[in-house]
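Undergrad: I'm passing along final-v6.cif; it holds mmCIF, C-alpha atoms and all ligand atoms.
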data_start
loop_
_atom_site.label_atom_id
_atom_site.label_comp_id
_atom_site.auth_asym_id
_atom_site.auth_seq_id
_atom_site.Cartn_x
_atom_site.Cartn_y
_atom_site.Cartn_z
CA MET A 1 -23.54 50.93 91.10
CA ASP A 2 -26.32 53.47 90.55
CA GLU A 3 -27.35 53.57 86.88
CA HIS A 4 -29.25 56.82 87.33
CA LYS A 5 -26.27 58.68 88.82
CA ILE A 6 -23.98 57.32 86.11
CA LYS A 7 -26.36 58.53 83.38
CA GLU A 8 -26.49 61.97 85.00
CA LEU A 9 -22.70 62.15 85.26
CA ALA A 10 -22.36 61.06 81.63
CA ALA A 11 -24.51 64.10 80.77
CA SER A 12 -22.18 66.31 82.90
CA ARG A 13 -24.76 66.66 85.65
CA ALA A 14 -23.50 66.19 89.20
CA PRO A 15 -25.87 64.21 91.45
CA PHE A 16 -25.27 66.77 94.23
CA TYR A 17 -24.57 70.49 94.48
CA GLU A 18 -20.89 71.40 94.46
CA PRO A 19 -19.75 74.79 93.10
CA GLY A 20 -17.77 74.51 89.85
CA LEU A 21 -18.12 70.75 89.56
CA GLU A 22 -20.45 70.63 86.55
CA ASP A 23 -18.26 73.08 84.60
CA LEU A 24 -15.24 70.93 85.33
CA LEU A 25 -17.10 67.77 84.32
CA ARG A 26 -18.12 69.34 81.01
CA GLU A 27 -14.63 70.65 80.35
CA VAL A 28 -12.97 67.27 80.90
CA GLN A 29 -15.69 65.32 79.11
CA ASP A 30 -15.21 67.55 76.06
CA THR A 31 -11.64 66.29 75.82
CA GLY A 32 -12.95 62.69 75.57
CA ARG A 33 -10.77 61.62 78.50
CA LEU A 34 -13.54 60.97 81.01
CA SER A 35 -16.33 58.43 80.85
CA PHE A 36 -18.68 56.75 83.33
CA THR A 37 -19.93 53.18 83.59
CA THR A 38 -21.32 50.69 86.09
CA ASP A 39 -19.44 47.89 84.31
CA MET A 40 -16.46 46.84 86.44
CA SER A 41 -14.74 45.21 83.49
CA ALA A 42 -13.90 48.77 82.38
CA ALA A 43 -11.06 48.48 84.90
CA GLN A 44 -9.37 45.85 82.75
CA GLY A 45 -6.25 47.21 81.08
CA ASN A 46 -6.09 50.35 83.23
CA SER A 47 -3.12 50.62 85.55
CA VAL A 48 -4.34 52.93 88.35
CA HIS A 49 -7.64 52.28 90.15
CA PHE A 50 -9.09 54.76 92.66
CA VAL A 51 -11.46 53.49 95.33
CA CYS A 52 -13.50 56.47 96.53
CA VAL A 53 -16.57 54.93 98.17
CA GLY A 54 -18.10 56.04 101.46
CA THR A 55 -17.52 54.61 104.93
CA PRO A 56 -20.62 55.72 106.87
CA GLN A 57 -21.26 55.10 110.54
CA LYS A 58 -22.68 51.61 111.21
CA LYS A 59 -26.35 51.66 112.22
CA GLY A 60 -26.63 51.78 116.01
CA GLU A 61 -22.84 51.65 116.50
CA ASN A 62 -19.93 54.08 116.45
CA ALA A 63 -17.70 51.99 114.17
CA ALA A 64 -17.29 52.65 110.45
CA ASP A 65 -19.19 50.49 107.98
CA LEU A 66 -16.63 49.06 105.54
CA THR A 67 -19.15 47.19 103.37
CA TYR A 68 -18.69 49.50 100.40
CA VAL A 69 -14.89 49.53 100.48
CA ASP A 70 -14.76 45.75 100.77
CA ALA A 71 -17.27 45.34 97.94
CA ALA A 72 -15.35 47.74 95.68
CA ILE A 73 -12.04 45.96 96.23
CA SER A 74 -13.61 42.51 95.68
CA ALA A 75 -15.24 43.71 92.48
CA LEU A 76 -11.92 45.09 91.24
CA LEU A 77 -9.74 42.05 92.04
CA PRO A 78 -10.64 39.96 88.95
CA PHE A 79 -9.50 42.78 86.66
CA LEU A 80 -6.09 43.53 88.16
CA SER A 81 -3.00 43.20 85.95
CA PRO A 82 0.67 42.97 86.93
CA GLY A 83 2.10 46.21 88.32
CA ASP A 84 -1.33 47.86 88.82
CA VAL A 85 -1.78 50.43 91.57
CA VAL A 86 -4.96 50.47 93.65
CA VAL A 87 -5.44 53.82 95.40
CA GLY A 88 -7.65 53.97 98.51
CA LYS A 89 -9.21 57.39 99.18
CA SER A 90 -11.88 56.40 101.71
CA THR A 91 -11.60 57.29 105.41
CA VAL A 92 -11.04 53.94 107.12
CA PRO A 93 -10.16 52.56 110.56
CA VAL A 94 -6.41 52.10 110.92
CA GLY A 95 -5.43 48.59 109.86
CA THR A 96 -7.83 48.42 106.92
CA ALA A 97 -5.21 49.25 104.26
CA ALA A 98 -2.88 46.43 105.36
CA ARG A 99 -5.78 43.97 105.19
CA LEU A 100 -6.84 45.19 101.73
CA ALA A 101 -3.22 45.18 100.52
CA GLY A 102 -3.15 41.48 101.45
CA LEU A 103 -6.20 40.82 99.24
CA VAL A 104 -4.72 42.77 96.32
CA GLU A 105 -1.30 41.09 96.52
CA ASN A 106 -2.85 37.69 97.00
CA LYS A 107 -4.67 38.08 93.70
CA GLU A 108 -1.89 39.84 91.80
CA PRO A 109 1.49 39.68 93.59
CA THR A 110 3.00 42.56 91.61
CA ALA A 111 0.06 44.95 92.19
CA HIS A 112 0.23 47.56 94.97
CA LEU A 113 -2.19 49.26 97.28
CA VAL A 114 -1.53 52.91 98.21
CA TRP A 115 -3.52 54.62 100.97
CA ASN A 116 -3.95 58.19 99.79
CA PRO A 117 -6.45 59.96 102.08
CA GLU A 118 -8.72 62.67 100.74
CA PHE A 119 -8.77 66.05 102.49
CA LEU A 120 -11.20 68.06 100.36
CA ARG A 121 -14.04 70.02 101.94
CA GLU A 122 -17.57 69.97 100.58
CA GLY A 123 -18.37 73.31 99.00
CA HIS A 124 -14.69 73.69 98.02
CA ALA A 125 -14.19 70.28 96.43
CA VAL A 126 -12.94 71.52 93.06
CA SER A 127 -10.31 73.97 94.32
CA ASP A 128 -9.25 71.62 97.14
CA THR A 129 -8.73 68.88 94.53
CA LEU A 130 -6.85 70.98 92.00
CA GLU A 131 -4.78 72.82 94.63
CA PRO A 132 -4.55 70.56 97.69
CA ASP A 133 -2.53 71.46 100.80
CA ARG A 134 -0.63 68.17 100.67
CA PHE A 135 -0.61 64.60 99.42
CA VAL A 136 -0.07 61.65 101.71
CA TYR A 137 0.88 58.29 100.16
CA GLY A 138 0.78 55.26 102.44
CA VAL A 139 2.71 52.35 100.90
CA SER A 140 3.46 48.90 102.32
CA ASP A 141 7.13 49.58 103.18
CA GLY A 142 6.74 53.31 103.84
CA SER A 143 9.56 54.03 101.40
CA GLU A 144 10.02 56.77 98.76
CA ASP A 145 11.44 54.06 96.49
CA HIS A 146 8.27 51.99 96.52
CA PRO A 147 7.26 51.46 92.85
CA ALA A 148 3.75 52.87 93.41
CA VAL A 149 5.16 56.29 94.44
CA SER A 150 6.39 57.33 90.99
CA ILE A 151 3.15 56.09 89.38
CA LEU A 152 1.02 58.20 91.72
CA ASP A 153 3.39 61.15 91.17
CA GLU A 154 2.51 60.96 87.47
CA VAL A 155 -1.20 61.05 88.28
CA TYR A 156 -0.71 64.15 90.44
CA ALA A 157 1.95 65.72 88.20
CA ALA A 158 0.20 69.10 87.86
CA PRO A 159 -0.28 69.99 91.54
CA LEU A 160 3.08 68.44 92.46
CA SER A 161 4.87 70.57 89.87
CA SER A 162 3.27 73.70 91.33
CA GLY A 163 4.73 72.88 94.72
CA THR A 164 2.14 70.81 96.60
CA PRO A 165 4.10 68.89 99.23
CA ARG A 166 3.77 65.13 99.43
CA LEU A 167 4.66 62.83 102.25
CA VAL A 168 5.36 59.12 101.78
CA THR A 169 4.67 56.93 104.78
CA ASP A 170 3.38 53.48 105.73
CA HIS A 171 -0.22 52.29 105.53
CA PRO A 172 -1.28 52.79 109.17
CA THR A 173 0.27 56.25 109.41
CA ALA A 174 -1.50 57.37 106.23
CA GLU A 175 -4.84 56.11 107.56
CA LEU A 176 -4.23 57.84 110.89
CA VAL A 177 -3.25 61.16 109.26
CA LYS A 178 -6.79 61.43 107.95
CA THR A 179 -8.62 60.58 111.18
CA ALA A 180 -6.19 62.66 113.24
CA ALA A 181 -6.73 65.69 110.97
CA ASN A 182 -10.52 65.46 111.20
CA SER A 183 -10.35 64.88 114.97
CA PHE A 184 -8.16 67.95 115.37
CA LEU A 185 -10.59 70.07 113.36
CA ALA A 186 -13.54 68.77 115.39
CA THR A 187 -11.62 69.47 118.61
CA LYS A 188 -10.86 73.01 117.50
CA ILE A 189 -14.55 73.68 116.85
CA SER A 190 -15.64 72.13 120.14
CA PHE A 191 -12.93 74.06 121.98
CA ILE A 192 -14.32 77.36 120.74
CA ASN A 193 -17.88 76.21 121.41
CA ALA A 194 -16.87 75.38 125.00
CA MET A 195 -15.46 78.92 125.22
CA ALA A 196 -18.81 80.15 123.89
CA GLU A 197 -20.53 78.44 126.82
CA LEU A 198 -18.17 80.25 129.18
CA CYS A 199 -18.63 83.55 127.38
CA GLU A 200 -22.39 83.17 127.76
CA ALA A 201 -21.98 82.56 131.50
CA ALA A 202 -19.56 85.47 131.93
CA GLY A 203 -21.09 88.00 129.55
CA ALA A 204 -18.10 87.92 127.20
CA ASP A 205 -17.93 87.77 123.39
CA VAL A 206 -16.57 84.57 121.82
CA THR A 207 -16.04 86.16 118.39
CA SER A 208 -13.59 88.73 119.80
CA LEU A 209 -12.00 86.00 121.88
CA ALA A 210 -11.50 83.85 118.75
CA ASP A 211 -10.07 86.82 116.83
CA ALA A 212 -7.62 87.53 119.61
CA ILE A 213 -6.39 83.98 120.26
CA GLY A 214 -6.38 83.31 116.51
CA MET A 215 -3.81 86.06 116.00
CA ASP A 216 -1.31 83.77 117.66
CA ASP A 217 0.17 81.88 114.67
CA ARG A 218 0.44 78.76 116.77
CA ILE A 219 -3.34 78.76 117.24
CA GLY A 220 -4.64 80.32 113.98
CA ARG A 221 -8.09 81.82 113.39
CA LYS A 222 -9.42 79.14 111.01
CA PHE A 223 -11.99 76.67 112.41
CA LEU A 224 -12.56 78.84 115.47
CA ASN A 225 -16.07 79.90 114.53
CA ALA A 226 -18.38 79.21 117.43
CA GLY A 227 -21.98 78.45 116.64
CA ILE A 228 -24.38 75.55 116.40
CA GLY A 229 -21.54 73.05 116.01
CA PHE A 230 -20.23 70.72 113.34
CA GLY A 231 -22.25 68.27 111.27
CA GLY A 232 -21.99 66.56 107.91
CA GLY A 233 -20.93 63.17 106.69
CA CYS A 234 -17.36 63.39 108.02
CA LEU A 235 -16.39 65.00 111.34
CA PRO A 236 -19.16 63.50 113.54
CA LYS A 237 -18.86 59.93 112.27
CA ASP A 238 -15.08 60.08 111.96
CA ILE A 239 -14.46 60.96 115.60
CA ARG A 240 -16.87 58.21 116.69
CA ALA A 241 -15.25 55.60 114.42
CA PHE A 242 -11.83 56.71 115.65
CA MET A 243 -12.86 56.12 119.28
CA ALA A 244 -14.33 52.73 118.37
CA ARG A 245 -11.12 51.69 116.61
CA ALA A 246 -8.94 52.92 119.50
CA GLY A 247 -11.02 50.70 121.78
CA GLU A 248 -10.42 47.68 119.54
CA LEU A 249 -6.69 48.42 119.68
CA GLY A 250 -6.75 48.70 123.47
CA ALA A 251 -5.89 52.40 123.27
CA ASP A 252 -9.31 53.85 124.11
CA GLN A 253 -7.91 56.10 126.86
CA ALA A 254 -5.95 58.04 124.26
CA LEU A 255 -9.18 59.30 122.70
CA THR A 256 -11.58 59.74 125.62
CA PHE A 257 -11.30 63.50 125.04
CA LEU A 258 -13.14 62.99 121.74
CA ARG A 259 -16.19 61.87 123.71
CA GLU A 260 -16.21 65.34 125.25
CA VAL A 261 -15.66 66.94 121.82
CA ASP A 262 -18.79 65.11 120.62
CA ALA A 263 -20.74 66.01 123.78
CA ILE A 264 -19.90 69.74 123.56
CA ASN A 265 -20.94 69.65 119.92
CA MET A 266 -24.30 68.02 120.59
CA ARG A 267 -24.94 70.42 123.51
CA ARG A 268 -24.94 73.38 121.11
CA ARG A 269 -28.12 72.14 119.51
CA GLY A 270 -29.95 72.03 122.83
CA ARG A 271 -28.61 75.49 123.66
CA VAL A 272 -30.14 76.92 120.48
CA VAL A 273 -33.52 75.46 121.40
CA GLU A 274 -33.18 77.00 124.88
CA LEU A 275 -32.21 80.41 123.51
CA THR A 276 -35.07 80.31 121.01
CA ARG A 277 -37.49 79.67 123.86
CA ASP A 278 -36.04 82.67 125.71
CA LEU A 279 -36.33 84.76 122.59
CA CYS A 280 -40.01 83.76 122.35
CA ASP A 281 -40.80 84.97 125.89
CA GLY A 282 -40.41 81.56 127.54
CA SER A 283 -42.71 79.40 125.42
CA LEU A 284 -42.35 77.76 122.02
CA LEU A 285 -45.95 76.59 121.86
CA GLY A 286 -47.56 77.79 118.63
CA LYS A 287 -44.69 80.20 117.90
CA ARG A 288 -43.84 80.63 114.23
CA ILE A 289 -40.12 80.00 113.82
CA THR A 290 -38.19 80.41 110.56
CA VAL A 291 -35.05 78.34 110.08
CA LEU A 292 -32.70 79.80 107.47
CA GLY A 293 -30.46 76.99 106.21
CA ALA A 294 -30.87 73.22 106.18
CA ALA A 295 -27.51 72.08 104.78
CA PHE A 296 -24.75 71.19 107.27
CA LYS A 297 -22.69 74.03 105.79
CA PRO A 298 -23.07 76.63 103.03
CA GLU A 299 -22.33 75.86 99.35
CA SER A 300 -23.53 72.30 99.82
CA ASP A 301 -26.87 70.49 99.58
CA ASP A 302 -25.68 67.83 102.03
CA VAL A 303 -27.94 67.44 105.05
CA ARG A 304 -26.23 64.45 106.68
CA ASP A 305 -26.11 65.10 110.45
CA SER A 306 -27.13 68.70 109.79
CA PRO A 307 -27.29 70.61 113.10
CA ALA A 308 -29.79 73.04 111.53
CA LEU A 309 -32.30 70.30 110.74
CA SER A 310 -31.83 68.61 114.08
CA ILE A 311 -32.62 71.94 115.80
CA ALA A 312 -35.63 72.53 113.52
CA ALA A 313 -36.99 69.08 114.41
CA GLN A 314 -36.51 69.65 118.16
CA LEU A 315 -38.29 73.01 117.98
CA GLN A 316 -41.21 71.43 116.15
CA LEU A 317 -41.39 68.61 118.72
CA GLN A 318 -41.66 71.26 121.42
CA GLY A 319 -44.69 72.81 119.80
CA ALA A 320 -43.26 75.52 117.55
CA VAL A 321 -44.59 76.01 114.01
CA VAL A 322 -41.36 75.70 112.07
CA SER A 323 -40.70 76.78 108.51
CA VAL A 324 -37.35 75.78 106.95
CA THR A 325 -35.71 77.17 103.84
CA ASP A 326 -32.37 76.71 102.08
CA PRO A 327 -30.99 77.78 98.68
CA LYS A 328 -30.02 74.23 97.63
CA ALA A 329 -30.81 71.59 100.24
CA ILE A 330 -34.62 71.56 100.50
CA GLU A 331 -35.11 68.36 98.50
CA ASN A 332 -32.53 66.44 100.51
CA ALA A 333 -33.89 67.89 103.75
CA ARG A 334 -37.44 66.86 102.87
CA ARG A 335 -36.30 63.28 102.27
CA ARG A 336 -34.62 63.10 105.71
CA PHE A 337 -37.15 65.15 107.69
CA PRO A 338 -40.47 64.84 105.85
CA GLU A 339 -42.34 66.01 108.97
CA LEU A 340 -40.90 69.54 108.68
CA HIS A 341 -42.48 72.32 106.63
CA TYR A 342 -40.33 73.80 103.84
CA GLU A 343 -40.56 77.12 102.01
CA PRO A 344 -38.85 77.84 98.69
CA ASN A 345 -37.17 81.11 99.67
CA THR A 346 -36.39 83.53 102.48
CA GLU A 347 -39.30 85.83 101.78
CA SER A 348 -41.93 83.09 101.87
CA SER A 349 -40.33 81.46 104.95
CA VAL A 350 -40.30 84.56 107.17
CA GLN A 351 -43.93 85.60 106.78
CA ARG A 352 -45.45 86.38 110.20
CA ALA A 353 -42.46 84.83 111.99
CA ASP A 354 -42.13 85.23 115.75
CA ALA A 355 -38.40 84.52 115.50
CA ILE A 356 -35.84 83.84 112.78
CA LEU A 357 -32.93 81.44 113.25
CA LEU A 358 -29.96 81.76 110.92
CA LEU A 359 -28.46 78.27 111.13
CA THR A 360 -26.42 77.82 107.91
CA GLU A 361 -24.40 80.85 106.84
CA TRP A 362 -25.17 81.01 103.11
CA ASN A 363 -24.03 84.35 101.63
CA GLU A 364 -27.59 85.36 100.86
CA TYR A 365 -28.42 85.16 104.58
CA ARG A 366 -25.29 87.04 105.60
CA GLY A 367 -26.42 89.86 103.33
CA LEU A 368 -30.03 90.11 104.59
CA ASP A 369 -31.38 93.61 105.07
CA PRO A 370 -32.89 93.92 108.58
CA TYR A 371 -35.18 96.81 107.55
CA GLU A 372 -36.61 94.93 104.57
CA LEU A 373 -37.02 91.73 106.59
CA SER A 374 -38.87 93.41 109.43
CA ARG A 375 -41.73 94.26 107.05
CA HIS A 376 -42.64 90.54 106.86
CA VAL A 377 -42.33 89.29 110.43
CA THR A 378 -44.63 89.48 113.43
CA SER A 379 -41.75 90.11 115.86
CA PRO A 380 -38.28 91.27 114.81
CA ARG A 381 -36.26 88.69 116.74
CA ILE A 382 -33.27 86.87 115.30
CA LEU A 383 -30.92 84.20 116.60
CA ASP A 384 -27.65 84.16 114.68
CA GLY A 385 -26.52 80.55 115.04
CA ARG A 386 -23.27 81.16 113.15
CA ASN A 387 -22.34 84.61 114.50
CA VAL A 388 -22.12 86.10 111.01
CA LEU A 389 -24.44 89.10 111.28
CA ASP A 390 -23.52 92.59 112.44
CA ALA A 391 -25.29 92.68 115.82
CA ALA A 392 -25.19 96.50 116.08
CA LYS A 393 -26.76 96.94 112.66
CA TRP A 394 -29.65 94.55 113.43
CA ARG A 395 -30.26 96.12 116.82
CA ALA A 396 -30.25 99.60 115.28
CA ALA A 397 -32.95 98.39 112.88
CA GLY A 398 -35.14 97.45 115.86
CA TRP A 399 -34.39 93.73 116.08
CA ILE A 400 -33.77 91.71 119.21
CA TYR A 401 -30.50 90.04 118.19
CA ARG A 402 -28.97 87.00 119.92
CA GLY A 403 -25.71 85.36 118.91
CA LEU A 404 -24.09 82.27 120.43
CA GLY A 405 -21.47 83.04 123.06
CA ARG A 406 -22.07 86.77 122.67
CA PRO A 407 -23.70 89.24 125.05
C1 LIG A 501 -14.21 67.92 106.59
C2 LIG A 501 -12.73 68.35 106.61
O1 LIG A 501 -12.65 69.77 106.79
C3 LIG A 501 -12.03 67.96 105.30
O2 LIG A 501 -10.65 68.31 105.36
C4 LIG A 501 -12.18 66.46 105.10
O3 LIG A 501 -11.59 66.03 103.88
C5 LIG A 501 -13.65 66.11 105.08
O4 LIG A 501 -14.27 66.51 106.32
C6 LIG A 501 -13.78 64.62 104.90
O5 LIG A 501 -13.40 63.89 105.82
O6 LIG A 501 -14.17 64.16 103.82
P1 LIG A 501 -16.43 68.91 105.47
O7 LIG A 501 -17.16 67.93 106.33
O8 LIG A 501 -16.76 69.00 104.03
O9 LIG A 501 -14.84 68.64 105.54
O10 LIG A 501 -16.69 70.38 106.07
P2 LIG A 501 -15.94 71.35 107.08
O11 LIG A 501 -15.60 72.59 106.36
O12 LIG A 501 -14.86 70.65 107.81
O13 LIG A 501 -17.11 71.69 108.10
C7 LIG A 501 -17.63 70.67 108.98
C8 LIG A 501 -18.62 71.26 109.94
O14 LIG A 501 -17.96 72.11 110.88
C9 LIG A 501 -19.72 72.12 109.30
O15 LIG A 501 -20.96 71.78 109.89
C10 LIG A 501 -19.31 73.54 109.66
O16 LIG A 501 -20.40 74.40 109.74
C11 LIG A 501 -18.66 73.33 111.00
N1 LIG A 501 -17.69 74.38 111.39
C12 LIG A 501 -16.56 74.57 110.65
C13 LIG A 501 -17.92 75.15 112.52
O17 LIG A 501 -18.94 74.98 113.22
N2 LIG A 501 -17.00 76.11 112.89
C14 LIG A 501 -15.87 76.32 112.16
O18 LIG A 501 -15.08 77.20 112.55
C15 LIG A 501 -15.64 75.54 111.02
#
Please, can you express the file's structure as structure tokens?
TA:
Amino acid sequence: MDEHKIKELAASRAPFYEPGLEDLLREVQDTGRLSFTTDMSAAQGNSVHFVCVGTPQKKGENAADLTYVDAAISALLPFLSPGDVVVGKSTVPVGTAARLAGLVENKEPTAHLVWNPEFLREGHAVSDTLEPDRFVYGVSDGSEDHPAVSILDEVYAAPLSSGTPRLVTDHPTAELVKTAANSFLATKISFINAMAELCEAAGADVTSLADAIGMDDRIGRKFLNAGIGFGGGCLPKDIRAFMARAGELGADQALTFLREVDAINMRRRGRVVELTRDLCDGSLLGKRITVLGAAFKPESDDVRDSPALSIAAQLQLQGAVVSVTDPKAIENARRRFPELHYEPNTESSVQRADAILLLTEWNEYRGLDPYELSRHVTSPRILDGRNVLDAAKWRAAGWIYRGLGRP
């Protein structure tokens, strides 16, 4: 829809930061097999159509906004030919695929709709796409023999031939796989953040706890990093939309635990503000605070529901003088939070700081030298919101170090 983005893509420029994406774009465009257009009639004569539009949270509600998916399918319908396959990638409330399949088949009875959820992570989009963990195909009859299955197998021939598993199921199960996976990941993060709250109360260390429970294969160490909580354009809105949909289906009790997952997650942000106040001798008023990281995670310039920016805004509201920096996300951050002050790099952002908050664990922040940094600040005090720094090393260099869920 967006002419500007399409022009940028045609010139092999990605409209957002994603490692390796521009190289891949250039490589494929050089083969002449990839082109971009806003003209829907380009779909005419093609046999596989991917619908990859967003499903954000509705304004003022928990439910997902399906406007873009509905618009994309309606725009595609006039150009469908017999036997075409429409592939839905968007994260949707269960029941959407069956409804859309009705629209597709009504227009072209021999066309098929496959629900094929996307599992890539921002910051790892290229490798997750080329080497995914699994494929899930949701087809109307849930059968391996469905005609769309072999067509999609051809599309994914390379990863399938190198052993990527694929599971064929029905439409609602495929839709649920996606929301269940994201809900599980969110639950895992909130679980460890709840343990961080307990560790703080008991004087224990959540990072050692995570290492130890993670050594049990049944639990696993991944996604057990306690810190300022999850953000981004997926986990927060997906668990809320999932609860809203469960309510519509009369199954809301099944997901009430996700309300707690969300609550634990949001509590982390308040906890960081509290700890920062402690770190600043009980008052934030007029204190110069540096926030390292604005993106919701490293290797991304995405600031949607970024916990770092939400914390920065709360600190500023409470009277602190906040300075935010990030290697890639400053422009996006400025658009969302124009009231915050931004600095182009770490060195400029830490000048005369009373406290530094590491809130997004970019590699350049993990590698900071405490001795060098202390030359620029007023008080060597650091809050490690992602528990990625070596506490002993920072303390030895004269810093007051605070982690989350750590003594
Ligand atoms: C998430 C899922 O991981 C993908 O599988 C899914 O495809 C995607 O949503 C989607 O639905 O499109 P993404 O939002 O890109 O991917 O990022 P994650 O790596 O899941 O991180 C989400 C948030 O959790 C970040 O704010 C991150 O900092 C936080 N996190 C992650 C933690 O706080 N602790 C952890 O241990 C892991």
Undergrad: Given a cut-off of 6 Å, what residues near ligand LIG 501 (chain A) show up using all atoms listed in the file, put as a ChimeraX atom specification?
TA: /A:118-122,182,189,223-227,229-232,234-235,296-297
Undergrad: Would you give the centre and edge lengths, in Å to one decimal, of a box along x, y and z around the listed atoms of range 129-141 of chain A, with 8 Å added to each side, as lines of an AutoDock Vina configuration file?
TA:
center_x = -0.8
center_y = 60.9
center_z = 97.6
size_x = 31.9
size_y = 39.9
size_z = 27.2
Undergrad: Using 12 Å as the limit and counting only C-alpha atoms, can you tabulate each residue of range 330-362 of chain A that touches range 397-406 of chain A, with its shortest atom-to-atom distance in Å and the two atoms involved, as a tab-separated table?
TA:
residue	atom	partner	partner_atom	distance
A:Asp354	CA	A:Ile400	CA	11.1
A:Ala355	CA	A:Ile400	CA	9.3
A:Ile356	CA	A:Tyr401	CA	9.8
A:Leu357	CA	A:Arg402	CA	9.5
A:Leu358	CA	A:Gly403	CA	9.7
A:Leu359	CA	A:Gly403	CA	10.9
Undergrad: Please produce a file of those selected residues containing C-alpha atoms, as a PDB file, in the coordinates of the input.
TA:
ATOM      1  CA  ASP A 354     -42.130  85.230 115.750  1.00  0.00           C
ATOM      2  CA  ALA A 355     -38.400  84.520 115.500  1.00  0.00           C
ATOM      3  CA  ILE A 356     -35.840  83.840 112.780  1.00  0.00           C
ATOM      4  CA  LEU A 357     -32.930  81.440 113.250  1.00  0.00           C
ATOM      5  CA  LEU A 358     -29.960  81.760 110.920  1.00  0.00           C
ATOM      6  CA  LEU A 359     -28.460  78.270 111.130  1.00  0.00           C
TER       7      LEU A 359
END
Undergrad: Give me, as JSON lines, each residue of range 313-368 of chain A that comes within 12 Å of range 253-270 of chain A, together with its shortest interatomic pair and the distance in Å at one decimal, counting all atoms listed in the file, with rows ordered by chain and rising residue number.
TA:
{"residue": "A:Ala313", "atom": "CA", "partner": "A:Arg269", "partner_atom": "CA", "distance": 10.7}
{"residue": "A:Gln314", "atom": "CA", "partner": "A:Gly270", "partner_atom": "CA", "distance": 8.4}
{"residue": "A:Leu315", "atom": "CA", "partner": "A:Gly270", "partner_atom": "CA", "distance": 9.7}
{"residue": "A:Gln318", "atom": "CA", "partner": "A:Gly270", "partner_atom": "CA", "distance": 11.8}
{"residue": "A:Leu359", "atom": "CA", "partner": "A:Arg269", "partner_atom": "CA", "distance": 10.4}
Undergrad: Calculated over all atoms listed in the file, which of the candidates A:Arg271, A:Lys89, A:Arg288, A:Arg335 has the smallest distance to Val53 in chain A?
TA: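 Closest to Val53 in chain A, using all atoms listed in the file: A:Lys89.
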Undergrad: Residues at most 9 Å from range 63-75 of chain A, counting only C-alpha atoms, excluding those fewer than 5 positions away in the same chain, as a ChimeraX atom specification?
TA: /A:40,51-58,86,88,90-93,96,100,103-104,237-238,240-245
Undergrad: Work out how far apart CA of Asp84 in chain A and CA of Ser47 in chain A are and give it in Å to one decimal.
TA: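 Going from CA of Asp84 in chain A over to CA of Ser47 in chain A, I get 4.6 Å.
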